[in-house]
$ cat structure11.txt   # compact mmCIF, C-alpha atoms and all ligand atoms
# COMPACT_ATOMS: atom_id res chain seq x y z
CA MET V 24 47.02 90.72 233.93
CA LYS V 25 50.28 92.65 233.42
CA LYS V 26 49.72 96.30 232.45
CA MET V 27 51.05 97.26 229.03
CA VAL V 28 54.06 99.60 229.11
CA MET V 29 53.06 103.05 227.90
CA VAL V 30 55.13 105.60 226.03
CA VAL V 31 53.84 109.09 225.19
CA VAL V 32 55.11 110.33 221.85
CA GLY V 33 55.00 114.01 220.93
CA CYS V 34 54.33 114.60 217.25
CA SER V 35 55.29 117.98 215.75
CA ASN V 36 52.37 119.86 217.27
CA GLY V 37 52.02 117.89 220.44
CA VAL V 38 55.45 117.96 222.05
CA ASP V 39 54.67 120.20 225.00
CA LEU V 40 51.38 118.50 225.84
CA ALA V 41 52.92 115.03 225.38
CA ARG V 42 55.70 115.92 227.85
CA ARG V 43 53.17 117.19 230.38
CA ILE V 44 50.92 114.12 229.97
CA ALA V 45 53.89 111.78 230.43
CA ARG V 46 54.86 113.69 233.59
CA HIS V 47 51.32 113.34 235.01
CA LEU V 48 51.31 109.61 234.26
CA ARG V 49 54.97 109.04 235.27
CA VAL V 50 55.67 107.23 231.99
CA PRO V 51 58.39 107.87 229.41
CA PHE V 52 58.06 110.68 226.86
CA SER V 53 59.65 110.41 223.44
CA PRO V 54 59.61 112.93 220.61
CA LEU V 55 58.78 111.90 217.07
CA SER V 56 61.50 113.05 214.73
CA ALA V 57 59.68 114.83 211.90
CA GLY V 58 61.82 116.16 209.11
CA SER V 59 61.30 116.45 205.40
CA PHE V 60 62.94 115.36 202.18
CA PRO V 61 64.13 118.03 199.69
CA ASP V 62 60.81 117.83 197.83
CA GLY V 63 58.83 118.43 201.02
CA GLU V 64 57.70 114.87 201.68
CA LEU V 65 57.58 113.93 205.36
CA LYS V 66 60.39 111.93 206.92
CA LEU V 67 59.27 110.47 210.26
CA LYS V 68 61.21 108.42 212.76
CA PHE V 69 60.33 107.07 216.20
CA MET V 70 63.19 107.52 218.65
CA THR V 71 62.26 104.71 221.03
CA PRO V 72 61.36 101.01 220.61
CA LEU V 73 57.57 100.52 220.36
CA LYS V 74 57.23 96.74 220.27
CA GLY V 75 54.54 95.47 222.62
CA LYS V 76 53.88 98.95 224.06
CA HIS V 77 50.85 101.17 224.38
CA VAL V 78 51.92 104.06 222.17
CA VAL V 79 50.14 107.35 222.84
CA LEU V 80 50.60 109.78 219.96
CA VAL V 81 49.86 113.41 220.81
CA GLN V 82 49.17 115.69 217.87
CA THR V 83 46.90 118.68 217.63
CA LEU V 84 45.40 119.20 214.19
CA HIS V 85 46.50 122.75 213.57
CA PRO V 86 47.66 123.59 210.99
CA ALA V 87 45.25 120.92 209.89
CA ASN V 88 46.71 119.49 206.72
CA GLU V 89 50.36 118.84 207.61
CA GLN V 90 49.51 117.66 211.10
CA LEU V 91 46.82 115.27 209.89
CA VAL V 92 49.14 113.63 207.35
CA GLU V 93 51.90 113.34 209.96
CA LEU V 94 49.52 111.72 212.46
CA VAL V 95 48.13 109.24 209.92
CA PHE V 96 51.67 108.20 208.95
CA ALA V 97 52.73 107.97 212.60
CA ILE V 98 49.76 105.75 213.54
CA GLN V 99 50.49 103.34 210.68
CA THR V 100 54.24 103.31 211.41
CA ALA V 101 53.70 102.64 215.12
CA LYS V 102 51.55 99.63 214.20
CA GLU V 103 54.18 98.35 211.74
CA LEU V 104 56.85 98.72 214.44
CA GLY V 105 54.90 96.38 216.70
CA ALA V 106 52.97 98.72 219.04
CA ALA V 107 50.41 96.62 220.91
CA LYS V 108 47.98 99.54 221.09
CA VAL V 109 47.98 102.99 219.53
CA THR V 110 45.99 105.83 221.07
CA ALA V 111 45.80 109.09 219.16
CA VAL V 112 45.40 112.07 221.48
CA VAL V 113 44.13 114.89 219.30
CA PRO V 114 43.52 117.88 221.60
CA TYR V 115 42.05 119.94 218.76
CA MET V 116 40.28 117.93 216.08
CA ALA V 117 40.16 119.87 212.83
CA TYR V 118 37.77 119.35 209.92
CA LEU V 119 34.66 118.85 212.05
CA ARG V 120 32.84 122.04 211.08
CA GLN V 121 32.22 120.87 207.52
CA ASP V 122 29.69 118.31 208.80
CA VAL V 123 27.33 118.46 205.87
CA ARG V 124 27.52 119.29 202.17
CA PHE V 125 26.51 122.95 202.53
CA HIS V 126 26.59 123.42 198.74
CA PRO V 127 26.35 120.82 195.97
CA GLY V 128 29.70 119.27 195.08
CA GLU V 129 31.40 120.19 198.38
CA CYS V 130 33.54 117.81 200.40
CA GLN V 131 32.08 116.76 203.76
CA SER V 132 35.39 116.70 205.59
CA ASN V 133 34.42 115.39 209.04
CA ARG V 134 33.83 111.79 207.93
CA ILE V 135 36.98 111.69 205.82
CA ALA V 136 39.17 113.01 208.66
CA ALA V 137 37.60 110.45 211.01
CA SER V 138 38.23 107.58 208.63
CA LEU V 139 41.86 108.67 208.13
CA LEU V 140 42.40 108.43 211.89
CA SER V 141 40.71 105.08 212.20
CA GLY V 142 44.06 103.26 212.10
CA ALA V 143 44.38 104.16 215.78
CA ASP V 144 42.82 101.81 218.34
CA ARG V 145 41.40 104.73 220.30
CA VAL V 146 41.07 108.46 219.73
CA ILE V 147 40.82 111.03 222.51
CA THR V 148 39.88 114.64 221.86
CA ILE V 149 38.63 117.73 223.70
CA ASP V 150 35.44 119.65 222.93
CA PRO V 151 35.07 118.57 219.31
CA HIS V 152 32.90 120.88 217.24
CA LEU V 153 29.63 118.96 217.10
CA HIS V 154 26.56 120.37 215.46
CA ARG V 155 24.67 118.14 213.06
CA VAL V 156 26.71 115.14 214.22
CA LYS V 157 25.81 114.71 217.89
CA HIS V 158 28.67 112.43 218.94
CA LEU V 159 31.95 111.49 217.28
CA LYS V 160 30.87 107.83 217.57
CA GLU V 161 28.64 108.55 214.57
CA ILE V 162 31.67 109.16 212.34
CA PHE V 163 34.54 107.19 213.97
CA HIS V 164 34.73 103.44 213.55
CA LYS V 165 37.04 103.01 216.56
CA PRO V 166 36.51 103.85 220.25
CA VAL V 167 36.54 107.60 220.66
CA THR V 168 36.57 109.60 223.89
CA THR V 169 35.43 113.21 223.92
CA LEU V 170 36.47 115.27 226.91
CA THR V 171 35.37 118.75 227.84
CA ALA V 172 37.45 121.63 229.14
CA ASN V 173 34.33 123.30 230.62
CA SER V 174 35.47 122.96 234.25
CA LEU V 175 38.92 124.29 233.41
CA LEU V 176 37.41 127.31 231.65
CA ALA V 177 35.01 127.84 234.55
CA SER V 178 37.83 127.76 237.14
CA PHE V 179 39.87 130.22 235.07
CA ILE V 180 36.93 132.61 234.74
CA LYS V 181 36.02 132.28 238.42
CA LYS V 182 39.59 132.92 239.51
CA HIS V 183 40.20 135.96 237.30
CA TYR V 184 36.79 137.53 236.70
CA GLY V 185 34.35 136.30 239.37
CA LYS V 186 30.64 135.98 238.67
CA GLU V 187 30.52 138.04 235.50
CA ILE V 188 28.01 137.73 232.67
CA ILE V 189 28.83 134.74 230.46
CA VAL V 190 27.94 135.15 226.82
CA GLY V 191 27.77 132.45 224.16
CA PRO V 192 27.76 133.93 220.67
CA ASP V 193 25.36 131.37 219.19
CA ALA V 194 23.11 128.40 219.91
CA GLU V 195 26.03 126.01 219.41
CA SER V 196 28.04 127.72 222.14
CA TYR V 197 25.14 127.26 224.58
CA GLN V 198 26.73 124.00 225.78
CA TRP V 199 29.80 125.93 226.98
CA ALA V 200 28.16 129.17 228.07
CA ASN V 201 25.45 127.62 230.16
CA LYS V 202 27.53 124.92 231.84
CA ILE V 203 30.32 127.37 232.61
CA ALA V 204 27.84 129.92 233.96
CA GLU V 205 26.38 127.24 236.26
CA GLN V 206 29.83 126.46 237.64
CA VAL V 207 30.79 130.11 238.01
CA LYS V 208 27.30 130.84 239.42
CA ALA V 209 26.98 133.61 236.87
CA HIS V 210 24.23 134.63 234.49
CA ALA V 211 24.42 133.22 230.92
CA ILE V 212 23.08 134.72 227.73
CA VAL V 213 23.16 133.15 224.30
CA LEU V 214 23.00 135.37 221.24
CA LYS V 215 21.69 135.04 217.72
CA LYS V 216 24.38 134.55 215.12
CA LYS V 217 23.99 134.43 211.38
CA ARG V 218 26.96 133.31 209.31
CA TYR V 219 27.22 134.63 205.76
CA GLY V 220 30.63 133.11 204.98
CA SER V 221 33.83 131.99 206.68
CA ARG V 222 34.77 135.62 207.38
CA LYS V 223 31.36 137.24 207.75
CA VAL V 224 29.00 136.82 210.68
CA ALA V 225 26.30 138.99 212.24
CA ILE V 226 25.52 138.89 215.96
CA LYS V 227 22.43 140.28 217.66
CA ILE V 228 21.75 140.80 221.36
CA LYS V 229 18.23 141.91 222.18
CA GLY V 230 16.75 143.44 225.31
CA ILE V 231 19.86 143.17 227.47
CA ASP V 232 21.53 146.03 229.26
CA LEU V 233 25.25 145.45 229.69
CA LYS V 234 26.00 148.95 230.93
CA GLY V 235 29.10 148.99 233.15
CA LYS V 236 29.29 145.18 233.20
CA THR V 237 32.19 142.80 232.61
CA VAL V 238 31.26 140.32 229.93
CA VAL V 239 33.02 136.99 229.34
CA ILE V 240 32.35 135.56 225.89
CA VAL V 241 32.94 131.81 225.66
CA ASP V 242 33.12 129.65 222.55
CA ASP V 243 34.69 126.39 221.46
CA ILE V 244 36.88 127.83 218.70
CA ILE V 245 38.34 131.21 217.86
CA SER V 246 39.38 130.76 214.25
CA SER V 247 39.18 133.89 212.07
CA GLY V 248 37.94 135.67 215.20
CA HIS V 249 34.95 137.21 213.41
CA THR V 250 32.42 135.60 215.75
CA MET V 251 34.21 137.08 218.77
CA MET V 252 34.77 140.45 217.08
CA GLU V 253 31.10 140.90 216.17
CA THR V 254 30.07 139.85 219.69
CA ILE V 255 32.56 142.29 221.20
CA LYS V 256 31.15 145.13 219.04
CA GLU V 257 27.60 144.26 220.06
CA ALA V 258 28.51 144.02 223.77
CA LYS V 259 30.26 147.40 223.54
CA ARG V 260 27.20 148.89 221.85
CA LEU V 261 25.17 147.71 224.83
CA GLY V 262 27.54 149.42 227.27
CA ALA V 263 29.85 146.61 228.47
CA LYS V 264 32.78 148.02 230.43
CA LYS V 265 35.21 145.12 230.07
CA ILE V 266 35.11 142.25 227.59
CA VAL V 267 37.06 138.99 227.82
CA CYS V 268 36.97 136.19 225.24
CA VAL V 269 37.69 132.67 226.49
CA ALA V 270 37.82 129.72 224.11
CA VAL V 271 38.79 126.09 224.25
CA HIS V 272 40.70 126.10 220.96
CA GLY V 273 42.53 129.34 220.18
CA ILE V 274 43.50 129.10 216.54
CA PHE V 275 43.65 132.87 215.97
CA ALA V 276 43.99 132.68 212.18
CA GLU V 277 44.70 135.79 210.13
CA ASN V 278 45.92 137.89 213.10
CA ALA V 279 42.67 137.33 215.00
CA LEU V 280 44.30 137.92 218.39
CA LYS V 281 45.60 141.32 217.31
CA LYS V 282 42.21 142.26 215.86
CA ILE V 283 40.38 141.22 219.06
CA ARG V 284 42.82 143.23 221.17
CA ALA V 285 42.42 146.23 218.84
CA LEU V 286 38.74 146.24 219.83
CA GLY V 287 39.80 146.63 223.46
CA ALA V 288 39.03 143.04 224.53
CA GLN V 289 41.25 140.40 226.10
CA ALA V 290 41.42 136.80 224.86
CA TYR V 291 42.50 133.55 226.48
CA ALA V 292 42.40 129.89 225.49
CA THR V 293 43.55 126.44 226.53
CA ASN V 294 46.76 124.89 225.24
CA THR V 295 45.03 122.46 222.86
CA VAL V 296 46.53 124.76 220.22
CA ASP V 297 49.80 126.58 220.81
CA ASN V 298 49.20 130.35 220.92
CA PRO V 299 50.45 133.33 222.96
CA VAL V 300 47.41 133.30 225.29
CA ALA V 301 47.18 129.55 225.99
CA ARG V 302 46.78 130.03 229.74
CA ILE V 303 44.55 127.03 230.56
CA ASP V 304 46.38 123.69 230.71
CA VAL V 305 44.50 120.59 229.50
CA SER V 306 47.30 118.06 230.10
CA GLY V 307 45.80 116.79 233.38
CA LEU V 308 42.45 116.22 231.72
CA LEU V 309 44.09 114.20 228.92
CA ALA V 310 46.27 112.24 231.34
CA ASP V 311 43.22 111.25 233.40
CA ALA V 312 41.56 109.83 230.28
CA LEU V 313 44.62 107.62 229.71
CA ARG V 314 44.81 106.14 233.24
C1 LIG K 401 31.00 127.88 215.15
O1 LIG K 401 29.85 127.55 215.22
C2 LIG K 401 31.96 127.81 216.29
O2 LIG K 401 31.33 127.48 217.49
C3 LIG K 401 32.75 129.08 216.43
O3 LIG K 401 31.87 130.13 216.80
C4 LIG K 401 33.42 129.42 215.14
O4 LIG K 401 34.11 128.31 214.67
C5 LIG K 401 34.36 130.59 215.29
O5 LIG K 401 34.90 130.86 214.04
P1 LIG K 401 35.45 132.29 213.67
O6 LIG K 401 36.45 132.66 214.74
O7 LIG K 401 36.10 132.10 212.33
O8 LIG K 401 34.30 133.22 213.61
$ encode --input "structure11.txt" --output "C-alpha cells" --more "lines below"
Ligand code: R5P
Amino acid sequence: MKKMVMVVVGCSNGVDLARRIARHLRVPFSPLSAGSFPDGELKLKFMTPLKGKHVVLVQTLHPANEQLVELVFAIQTAKELGAAKVTAVVPYMAYLRQDVRFHPGECQSNRIAASLLSGADRVITIDPHLHRVKHLKEIFHKPVTTLTANSLLASFIKKHYGKEIIVGPDAESYQWANKIAEQVKAHAIVLKKKRYGSRKVAIKIKGIDLKGKTVVIVDDIISSGHTMMETIKEAKRLGAKKIVCVAVHGIFAENALKKIRALGAQAYATNTVDNPVARIDVSGLLADALR
C-alpha cells in the first residue's frame, strides 16, 4: 500500500519542535499562520495543501487556553480541507491535573480537554500528568500515545552530574525519580509532599543526611515552582552542597525560574515548553513515534 504523504505543521507554540520533527523524518514542514481579528478572535490559515495527506499538527498547550482553542480549530480545519489523517502532537498536555472534582461545583478539566481534542485521529504526548487517571486511554476516545522523556532526562543528568542523589518531591514523581535513578545508577529518594493550595506546598525529608552532596530533584512539571522551592529549602536544611532541578515540562509561571535561582539552585527542562533552560530536546522522541 502506498504510504500517505506527511506534512508537519507548526502551530503557534509548536513551530520549533515541528521544524525539528520534520527534519528527523525528512518530510515537509509548514507553519500555520495564526493571526487575530481586531476583536481578538483567531484567524488561522494553512499555508500548504492538505488534501489526502497525513497532517501532523504540533502544538504545546502552554499558555493553555489560547493554544487549546487554536489546536481545536486547526484540527477541524485540516479535516475540512481534506486531510486524510490528522495527528495532534501535544508535547505538553495541559489541564490534566484537575482530574477529579476536588471541591463541589468544580470543573473536572481533564475529560473536557480530552474531548475537545478528539477531532484528531491520533494524539501523541509526553509524560502526561497522570494520578487518579492511570492512562490517557481512560479519557480520550481516539488512539493516544504517551511517551516518556525519562531516558533523555537520565542521559542529561548522567552527562552533567554523574551518579548524584535523585530526589522526587512526592509519590507522583516516583515514576520519574526511580526510573531515572536506575538509568543513572544513582540512589533515589521520594519525599512527602502536602499541597495546601496551588501556591502552597510543604515538603518533608526524614532521616536522610545530604551533607556535602549534590542533589538532583526531578519532577514532571515545574509550574509555580513551589514544589521545587520547598524541596530545595529542605535539601539545603539537610546540608546539600549543590541542588539541580530537572523537569520534563518547564512552565516556570510567576517568575518561578528566578525564584528557584534565588535559592541557589539550577533548573533545566526539556523543550516541550519553550523556556530559557529548555536544554533537553524531545524532537527525536516525537519523530520516532510518527515513523
Ligand atoms: C504535581 O503533583 C506535579 O507532579 C508537580 O509536582 C506540580 O505540578 C508542580 O507544581 P508547582 O511547580 O506549581 O508546585
$ residues_near_ligand --input "structure11.txt" --ligand "ligand LIG 401 (chain K)" --cutoff "9 Å" --atoms "only C-alpha atoms and all ligand atoms" --output "PyMOL selection string"
chain V and resi 120+152-154+191-196+216+218+221-224+242-253+273-276+279
$ write_last_selection --input "structure11.txt" --atoms "C-alpha atoms" --output "compact mmCIF listing (two decimals), keeping the file's coordinate frame"
# COMPACT_ATOMS: atom_id res chain seq x y z
CA ARG V 120 32.84 122.04 211.08
CA HIS V 152 32.90 120.88 217.24
CA LEU V 153 29.63 118.96 217.10
CA HIS V 154 26.56 120.37 215.46
CA GLY V 191 27.77 132.45 224.16
CA PRO V 192 27.76 133.93 220.67
CA ASP V 193 25.36 131.37 219.19
CA ALA V 194 23.11 128.40 219.91
CA GLU V 195 26.03 126.01 219.41
CA SER V 196 28.04 127.72 222.14
CA LYS V 216 24.38 134.55 215.12
CA ARG V 218 26.96 133.31 209.31
CA SER V 221 33.83 131.99 206.68
CA ARG V 222 34.77 135.62 207.38
CA LYS V 223 31.36 137.24 207.75
CA VAL V 224 29.00 136.82 210.68
CA ASP V 242 33.12 129.65 222.55
CA ASP V 243 34.69 126.39 221.46
CA ILE V 244 36.88 127.83 218.70
CA ILE V 245 38.34 131.21 217.86
CA SER V 246 39.38 130.76 214.25
CA SER V 247 39.18 133.89 212.07
CA GLY V 248 37.94 135.67 215.20
CA HIS V 249 34.95 137.21 213.41
CA THR V 250 32.42 135.60 215.75
CA MET V 251 34.21 137.08 218.77
CA MET V 252 34.77 140.45 217.08
CA GLU V 253 31.10 140.90 216.17
CA GLY V 273 42.53 129.34 220.18
CA ILE V 274 43.50 129.10 216.54
CA PHE V 275 43.65 132.87 215.97
CA ALA V 276 43.99 132.68 212.18
CA ALA V 279 42.67 137.33 215.00
$ residues_around --input "structure11.txt" --residues "Gly235 of chain V" --least-positions-apart "3" --cutoff "12 Å" --atoms "all atoms listed in the file" --output "list in words"
Glu187, Ile188, Asp232, Val238, Ala258, Lys259, Arg260, Leu261, Gly262, Ala263, Lys264, Lys265 and Ile266 of chain V
$ closest_atom_pairs --input "structure11.txt" --of "segment 158-245 of chain V" --to "segment 285-305 of chain V" --cutoff "8 Å" --atoms "all atoms listed in the file" --output "CSV"
residue,atom,partner,partner_atom,distance
V:Ala172,CA,V:Val305,CA,7.1
V:Leu175,CA,V:Ile303,CA,6.9
V:Leu176,CA,V:Ile303,CA,7.2
V:Phe179,CA,V:Ile303,CA,7.2
$ residues_around --input "structure11.txt" --residues "Leu140 of chain V" --least-positions-apart "5" --cutoff "9 Å" --atoms "all atoms listed in the file" --output "list in words"
Leu91, Leu94, Val95, Ile98, Ala111, Ile135, Val146, Phe163 and Lys165 of chain V
$ residues_around --input "structure11.txt" --residues "Leu65 of chain V" --least-positions-apart "3" --cutoff "12 Å" --atoms "all atoms listed in the file" --output "VMD selection string"
chain V and resid 35 55 to 62 68 89 to 97
$ residues_around --input "structure11.txt" --residues "segment 41-51 of chain V" --least-positions-apart "4" --cutoff "6 Å" --atoms "only C-alpha atoms" --output "ChimeraX atom specification"
/V:30-31,33,37,81,306,310
$ write_last_selection --input "structure11.txt" --atoms "C-alpha atoms" --output "PDB file, keeping the file's coordinate frame"
ATOM      1  CA  VAL V  30      55.130 105.600 226.030  1.00  0.00           C
ATOM      2  CA  VAL V  31      53.840 109.090 225.190  1.00  0.00           C
ATOM      3  CA  GLY V  33      55.000 114.010 220.930  1.00  0.00           C
ATOM      4  CA  GLY V  37      52.020 117.890 220.440  1.00  0.00           C
ATOM      5  CA  VAL V  81      49.860 113.410 220.810  1.00  0.00           C
ATOM      6  CA  SER V 306      47.300 118.060 230.100  1.00  0.00           C
ATOM      7  CA  ALA V 310      46.270 112.240 231.340  1.00  0.00           C
TER       8      ALA V 310
END
$ residues_around --input "structure11.txt" --residues "Asp144 of chain V" --least-positions-apart "6" --cutoff "9 Å" --atoms "all atoms listed in the file" --output "tab-separated table (two decimals) with C-alpha atoms, keeping the file's coordinate frame"
chain	number	residue	atom	x	y	z
V	108	LYS	CA	47.98	99.54	221.09
V	109	VAL	CA	47.98	102.99	219.53
V	110	THR	CA	45.99	105.83	221.07
V	111	ALA	CA	45.80	109.09	219.16
V	165	LYS	CA	37.04	103.01	216.56
V	166	PRO	CA	36.51	103.85	220.25
V	167	VAL	CA	36.54	107.60	220.66
$ closest_atom_pairs --input "structure11.txt" --of "segment 85-179 of chain V" --to "segment 200-209 of chain V" --cutoff "9 Å" --atoms "all atoms listed in the file" --output "Markdown table"
| residue | atom | partner | partner_atom | distance |
| --- | --- | --- | --- | --- |
| V:Asn173 | CA | V:Ile203 | CA | 6.1 |
| V:Ser174 | CA | V:Ile203 | CA | 7.0 |
| V:Leu176 | CA | V:Ile203 | CA | 7.2 |
| V:Ala177 | CA | V:Ile203 | CA | 5.1 |
| V:Ser178 | CA | V:Val207 | CA | 7.5 |
$ atom_distance --input "structure11.txt" --atom1 "atom CA of Tyr118 of chain V" --atom2 "atom CA of Ala136 of chain V"
6.6 Å
$ atom_distance --input "structure11.txt" --atom1 "atom CA of Leu73 of chain V" --atom2 "atom CA of Leu159 of chain V"
28.0 Å
$ closest_residue --input "structure11.txt" --among "V:Arg145, V:Lys66, V:Lys215, V:Lys74" --to "Lys160 of chain V" --atoms "all atoms listed in the file"
V:Arg145
$ closest_residue --input "structure11.txt" --among "V:Thr169, V:Gln121, V:Asn278, V:Thr71" --to "Ile147 of chain V" --atoms "all atoms listed in the file"
V:Thr169
$ closest_residue --input "structure11.txt" --among "V:Pro86, V:Gly185, V:Gly75, V:Gly63" --to "Met116 of chain V" --atoms "only C-alpha atoms"
V:Pro86
$ decode --input "structure11.txt" --residues "segment 218-239 of chain V" --atoms "N, CA, C and O atoms" --output "PDB file, in the first residue's frame"
ATOM      1  N   ARG V 218       0.008  19.326  49.687  1.00  0.00           N
ATOM      2  CA  ARG V 218      -0.362  20.549  48.983  1.00  0.00           C
ATOM      3  C   ARG V 218      -1.545  21.204  49.689  1.00  0.00           C
ATOM      4  O   ARG V 218      -2.552  20.557  49.932  1.00  0.00           O
ATOM      5  N   TYR V 219      -1.378  22.485  50.013  1.00  0.00           N
ATOM      6  CA  TYR V 219      -2.463  23.220  50.678  1.00  0.00           C
ATOM      7  C   TYR V 219      -3.198  24.138  49.708  1.00  0.00           C
ATOM      8  O   TYR V 219      -4.211  24.719  50.035  1.00  0.00           O
ATOM      9  N   GLY V 220      -2.669  24.332  48.519  1.00  0.00           N
ATOM     10  CA  GLY V 220      -3.281  25.200  47.517  1.00  0.00           C
ATOM     11  C   GLY V 220      -2.344  25.263  46.332  1.00  0.00           C
ATOM     12  O   GLY V 220      -1.264  24.672  46.377  1.00  0.00           O
ATOM     13  N   SER V 221      -2.745  25.998  45.264  1.00  0.00           N
ATOM     14  CA  SER V 221      -1.897  25.961  44.066  1.00  0.00           C
ATOM     15  C   SER V 221      -0.553  26.643  44.291  1.00  0.00           C
ATOM     16  O   SER V 221       0.384  26.459  43.520  1.00  0.00           O
ATOM     17  N   ARG V 222      -0.439  27.472  45.346  1.00  0.00           N
ATOM     18  CA  ARG V 222       0.855  28.112  45.603  1.00  0.00           C
ATOM     19  C   ARG V 222       1.415  27.752  46.975  1.00  0.00           C
ATOM     20  O   ARG V 222       2.286  28.441  47.487  1.00  0.00           O
ATOM     21  N   LYS V 223       0.890  26.735  47.616  1.00  0.00           N
ATOM     22  CA  LYS V 223       1.386  26.399  48.944  1.00  0.00           C
ATOM     23  C   LYS V 223       1.553  24.880  49.086  1.00  0.00           C
ATOM     24  O   LYS V 223       0.580  24.124  49.003  1.00  0.00           O
ATOM     25  N   VAL V 224       2.801  24.472  49.267  1.00  0.00           N
ATOM     26  CA  VAL V 224       3.077  23.051  49.489  1.00  0.00           C
ATOM     27  C   VAL V 224       4.072  22.916  50.640  1.00  0.00           C
ATOM     28  O   VAL V 224       4.822  23.845  50.928  1.00  0.00           O
ATOM     29  N   ALA V 225       4.032  21.773  51.308  1.00  0.00           N
ATOM     30  CA  ALA V 225       5.020  21.506  52.359  1.00  0.00           C
ATOM     31  C   ALA V 225       5.721  20.202  51.999  1.00  0.00           C
ATOM     32  O   ALA V 225       5.079  19.240  51.562  1.00  0.00           O
ATOM     33  N   ILE V 226       7.039  20.188  52.145  1.00  0.00           N
ATOM     34  CA  ILE V 226       7.834  19.012  51.790  1.00  0.00           C
ATOM     35  C   ILE V 226       8.615  18.551  53.013  1.00  0.00           C
ATOM     36  O   ILE V 226       9.180  19.373  53.733  1.00  0.00           O
ATOM     37  N   LYS V 227       8.625  17.246  53.244  1.00  0.00           N
ATOM     38  CA  LYS V 227       9.391  16.719  54.385  1.00  0.00           C
ATOM     39  C   LYS V 227      10.344  15.623  53.924  1.00  0.00           C
ATOM     40  O   LYS V 227       9.980  14.736  53.154  1.00  0.00           O
ATOM     41  N   ILE V 228      11.600  15.711  54.377  1.00  0.00           N
ATOM     42  CA  ILE V 228      12.553  14.624  54.159  1.00  0.00           C
ATOM     43  C   ILE V 228      12.923  14.142  55.552  1.00  0.00           C
ATOM     44  O   ILE V 228      13.263  14.965  56.398  1.00  0.00           O
ATOM     45  N   LYS V 229      12.830  12.833  55.761  1.00  0.00           N
ATOM     46  CA  LYS V 229      13.147  12.340  57.112  1.00  0.00           C
ATOM     47  C   LYS V 229      14.322  11.389  57.077  1.00  0.00           C
ATOM     48  O   LYS V 229      14.434  10.566  56.165  1.00  0.00           O
ATOM     49  N   GLY V 230      15.174  11.493  58.064  1.00  0.00           N
ATOM     50  CA  GLY V 230      16.245  10.512  58.271  1.00  0.00           C
ATOM     51  C   GLY V 230      17.250  10.401  57.135  1.00  0.00           C
ATOM     52  O   GLY V 230      17.785   9.328  56.905  1.00  0.00           O
ATOM     53  N   ILE V 231      17.468  11.487  56.399  1.00  0.00           N
ATOM     54  CA  ILE V 231      18.446  11.411  55.313  1.00  0.00           C
ATOM     55  C   ILE V 231      19.481  12.506  55.522  1.00  0.00           C
ATOM     56  O   ILE V 231      19.125  13.661  55.781  1.00  0.00           O
ATOM     57  N   ASP V 232      20.736  12.124  55.382  1.00  0.00           N
ATOM     58  CA  ASP V 232      21.797  13.109  55.524  1.00  0.00           C
ATOM     59  C   ASP V 232      22.282  13.486  54.123  1.00  0.00           C
ATOM     60  O   ASP V 232      22.748  12.636  53.375  1.00  0.00           O
ATOM     61  N   LEU V 233      22.123  14.740  53.765  1.00  0.00           N
ATOM     62  CA  LEU V 233      22.548  15.165  52.427  1.00  0.00           C
ATOM     63  C   LEU V 233      23.812  16.010  52.496  1.00  0.00           C
ATOM     64  O   LEU V 233      24.178  16.670  51.528  1.00  0.00           O
ATOM     65  N   LYS V 234      24.459  15.969  53.644  1.00  0.00           N
ATOM     66  CA  LYS V 234      25.629  16.833  53.860  1.00  0.00           C
ATOM     67  C   LYS V 234      26.673  16.698  52.751  1.00  0.00           C
ATOM     68  O   LYS V 234      27.115  15.599  52.433  1.00  0.00           O
ATOM     69  N   GLY V 235      26.989  17.833  52.113  1.00  0.00           N
ATOM     70  CA  GLY V 235      28.045  17.862  51.102  1.00  0.00           C
ATOM     71  C   GLY V 235      27.668  17.221  49.772  1.00  0.00           C
ATOM     72  O   GLY V 235      28.476  17.133  48.858  1.00  0.00           O
ATOM     73  N   LYS V 236      26.417  16.765  49.641  1.00  0.00           N
ATOM     74  CA  LYS V 236      26.024  16.018  48.438  1.00  0.00           C
ATOM     75  C   LYS V 236      25.460  16.941  47.344  1.00  0.00           C
ATOM     76  O   LYS V 236      24.941  18.018  47.627  1.00  0.00           O
ATOM     77  N   THR V 237      25.522  16.443  46.108  1.00  0.00           N
ATOM     78  CA  THR V 237      24.795  17.104  45.019  1.00  0.00           C
ATOM     79  C   THR V 237      23.465  16.381  44.895  1.00  0.00           C
ATOM     80  O   THR V 237      23.417  15.152  44.867  1.00  0.00           O
ATOM     81  N   VAL V 238      22.403  17.148  44.839  1.00  0.00           N
ATOM     82  CA  VAL V 238      21.070  16.559  44.790  1.00  0.00           C
ATOM     83  C   VAL V 238      20.386  17.005  43.499  1.00  0.00           C
ATOM     84  O   VAL V 238      20.383  18.190  43.167  1.00  0.00           O
ATOM     85  N   VAL V 239      19.834  16.036  42.757  1.00  0.00           N
ATOM     86  CA  VAL V 239      19.095  16.370  41.539  1.00  0.00           C
ATOM     87  C   VAL V 239      17.617  16.088  41.812  1.00  0.00           C
ATOM     88  O   VAL V 239      17.246  14.945  42.075  1.00  0.00           O
TER      89      VAL V 239
END
